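**Q** Can you read through this structure? Questions will come right after.
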Amino acid sequence: MPENARFSCLTIEVGMKTNIIELKGISKYFHDHPILQDIDLEVKNREFLTILGPSGCGKTTLLRLISGFETPSSGTILMNGQDVSGLPPHLRHVNTVFQSYALFPHMDAFDNVAFGLRCQHVPKDEIKDRVFRVLKMVKLDNFANRKPHQLSGGQQQRIAIARAVVNKPLVLLLDEPLSSLDFRLRKTMQMELKQLQAELGITFILVTHDQEEALSTADRVVIMNHGWIEQVGTPREVYEEPQNLHVAQFVGEVNIFNTKVLKIDEQHLHVEIEGKEFTLKNTKKFTNEQKLYTLLRPEDLEVWGYNEVEDHENMYPATVEQVIYKGSTVDLILKLKTGTKISATQFFNEDDEKLDFRPGERVWVYWRLGWEVVLADEQ
């Protein structure tokens, strides 16, 4: 059967499956040391999934298990409904783009991309057609004759991606492929990856420790820590509705307030935060025995000049300690009367174009009730 026909059959079959990959009870040990522990994860067909976590949390090991470069100590890996736990990489219809790109230095861009097709003995005319099609897709069809050392870092990264997708994988795995690029190019490539994934219509799984990269590219984000999955959700869900303190602190900046419980009923929390009493919604059904924290993102805090407001109810007096100008925003480090330091982000708008805060200035700090997230101590 010709390569095109074989892939077409796989594509039709995949279309019948909601999940292209399912990990069930996956654990991985190296020399009796646990790297991954009891991982359950479903990856949807044609989604862009990012795996986010600090160094050493097990995210690259998870990627290598999916690709077949490692085998699980326990558990099952299903791909398109079939158990592939013991299959080698070349039988999984998965391709990987490594952090180092791993291009052949003696080959030009065309030959690098064509390498896998030649190993499969694809006809020459088909190789030429498919290679130039993907080179055009990554905007490098005019660089086909250049060798890796004649290409920029971003161009080398695109060639590595082209070499992977020319084989028409069911899933493309990307192991921190943007980490060696400078900031501006990295931002550009994030958007290009997202666009390329939409054009190809295949599943992308991206491993990164960069939270902005994860949030800006993903349909869903997997947050990992110490070999566990802490939370899976859309970028908005993991940012605005973190399930625990680790996720809240790892994804973006957050202010965490010790929260004294005064009274709890089924619907409400009566609490004291930094000397002020509040009634909050008890959406997570907390009990009196739990130690609670109230979390607020810096952009959820409103800061007013000391003489700008008359009604100070639910407002905290504070002193500006630091002003950080960022173009469209101003970041403020504030010190409350209790001595607690907090961060607040203020946005320029038509009503207040200057945002002229100064170190040492007295201000009022406020947030709209309902914008906070209340979490229990995990200890």
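Going through the structure tokens in order, the chains are called A, B, and so on, while each chain numbers its residues from 1 and the ligands are numbered from 1 in the order shown.
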Please tabulate, as CSV, the residues of stretch 241-315 of chain A that come within 10 Å of stretch 211-224 of chain A, each with its closest pair of atoms and the distance in Å to one decimal, counting only C-alpha atoms and ordering rows by chain, then residue number upward.
**A**
```
residue,atom,partner,partner_atom,distance
A:His246,CA,A:Ile223,CA,9.3
A:Val247,CA,A:Ile223,CA,7.0
A:Phe250,CA,A:Gln211,CA,7.9
A:Val251,CA,A:Gln211,CA,6.0
A:Gly252,CA,A:Gln211,CA,7.2
```
**Q** Please provide as number ranges by chain all residues within 6 Å of stretch 361-376 of chain A, with the sequence filter that same-chain residues fewer than 5 positions apart are discarded (counting only C-alpha atoms).
**A** A: 291-296, 301-306, 315-320
**Q** With only C-alpha atoms as the counted atoms, please give the residues lying no more than 9 Å from A:Asn167, apart from itself and same-chain residues fewer than 4 positions off, as a PyMOL selection string.
**A** chain A and resi 93+95+116-117+130+162-163
**Q** For the selection you just gave me, I'd like the residues written to a file as a PDB file, in the first residue's frame, keeping N, CA and C atoms.
**A**
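Contents of selection-v7.pdb, freshly written:
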```pdb
ATOM      1  N   HIS A  93       3.948   5.952  15.123  1.00  0.00           N
ATOM      2  CA  HIS A  93       3.456   7.089  14.339  1.00  0.00           C
ATOM      3  C   HIS A  93       3.527   8.390  15.145  1.00  0.00           C
ATOM      4  N   ASN A  95       6.380  11.529  16.175  1.00  0.00           N
ATOM      5  CA  ASN A  95       7.683  12.130  15.901  1.00  0.00           C
ATOM      6  C   ASN A  95       8.012  13.158  16.969  1.00  0.00           C
ATOM      7  N   GLY A 116      13.945  10.911   6.668  1.00  0.00           N
ATOM      8  CA  GLY A 116      13.023   9.866   7.115  1.00  0.00           C
ATOM      9  C   GLY A 116      12.273   9.221   5.968  1.00  0.00           C
ATOM     10  N   LEU A 117      11.903  10.018   4.965  1.00  0.00           N
ATOM     11  CA  LEU A 117      11.175   9.486   3.812  1.00  0.00           C
ATOM     12  C   LEU A 117      12.059   8.535   3.006  1.00  0.00           C
ATOM     13  N   ARG A 130       6.582  16.287  -1.099  1.00  0.00           N
ATOM     14  CA  ARG A 130       6.253  16.400   0.324  1.00  0.00           C
ATOM     15  C   ARG A 130       7.227  17.305   1.061  1.00  0.00           C
ATOM     16  N   ALA A 162       9.808  20.656  10.394  1.00  0.00           N
ATOM     17  CA  ALA A 162       9.458  20.166   9.058  1.00  0.00           C
ATOM     18  C   ALA A 162       9.868  18.706   8.893  1.00  0.00           C
ATOM     19  N   ARG A 163      11.055  18.351   9.401  1.00  0.00           N
ATOM     20  CA  ARG A 163      11.531  16.969   9.295  1.00  0.00           C
ATOM     21  C   ARG A 163      10.600  16.015  10.044  1.00  0.00           C
TER      22      ARG A 163
END
```
**Q** Would you mind listing what lies within 7 Å of A:Glu321 as a count of residues only, with only C-alpha atoms counted and same-chain residues fewer than 5 positions away left out?
**A** 5
**Q** Skip A:Thr279 itself and residues of its chain fewer than 3 positions away, then list as a VMD selection string all residues within 8 Å of it, counting only C-alpha atoms.
**A** chain A and resid 268 to 271
**Q** Got a sec to tell me which of stretch 119-189 of chain A DSSP assigns to alpha helix (DSSP H), as a PyMOL selection string?
**A** chain A and resi 119+124-137+153-165+183-189
**Q** Could you please write out, as a ChimeraX atom specification, every residue of stretch 50-254 of chain A that DSSP assigns to strand (DSSP E)?
**A** /A:50-52,74-79,82-83,94-97,171-175,203-208,220-225,228-233
**Q** Would you mind listing what lies within 6 Å of stretch 203-210 of chain A as a ChimeraX atom specification, with only C-alpha atoms counted and same-chain residues fewer than 3 positions away left out?
**A** /A:45-54,171-176,213
**Q** For stretch 68-78 of chain A, please output as a ChimeraX atom specification all residues within 7 Å (counting only C-alpha atoms; exclusion window: fewer than 6 positions along the same chain).
**A** /A:21-29,84-89
**Q** Could you check which of A:Glu42, A:Asp32, A:Asp111, A:Glu313 is closest to A:Thr18, using only C-alpha atoms?
**A** A:Glu42
**Q** Have a look at A:Leu65, A:Ala102, A:Val113, A:Leu135 and name the one nearest to A:Pro177; count only C-alpha atoms.
**A**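 When distances to A:Pro177 are compared using only C-alpha atoms, the smallest one comes from A:Ala102.
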**Q** May I ask which of the residues A:Asn142, A:Thr188, A:Gln195, A:Asn225 is the closest one to A:Cys57, counting only C-alpha atoms?
**A**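 Ranked by minimum distance to A:Cys57, first place goes to A:Asn225.
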**Q** Which is closest to A:Phe278 among A:Leu170, A:Val261, A:Leu185, A:Cys119, if we use only C-alpha atoms?
**A** A:Val261
**Q** Of the candidates A:Arg158, A:His31, A:Lys285, A:Arg236, which shows the shortest atom-to-atom distance to A:Ala109, using only C-alpha atoms?
**A**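 Using only C-alpha atoms, A:Ala109 sits closest to A:Arg158.
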**Q** By how many Å are atom CA of A:Met191 and atom CA of A:Val134 apart?
**A**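 We find that atom CA of A:Met191 and atom CA of A:Val134 lie 17.2 Å from each other.
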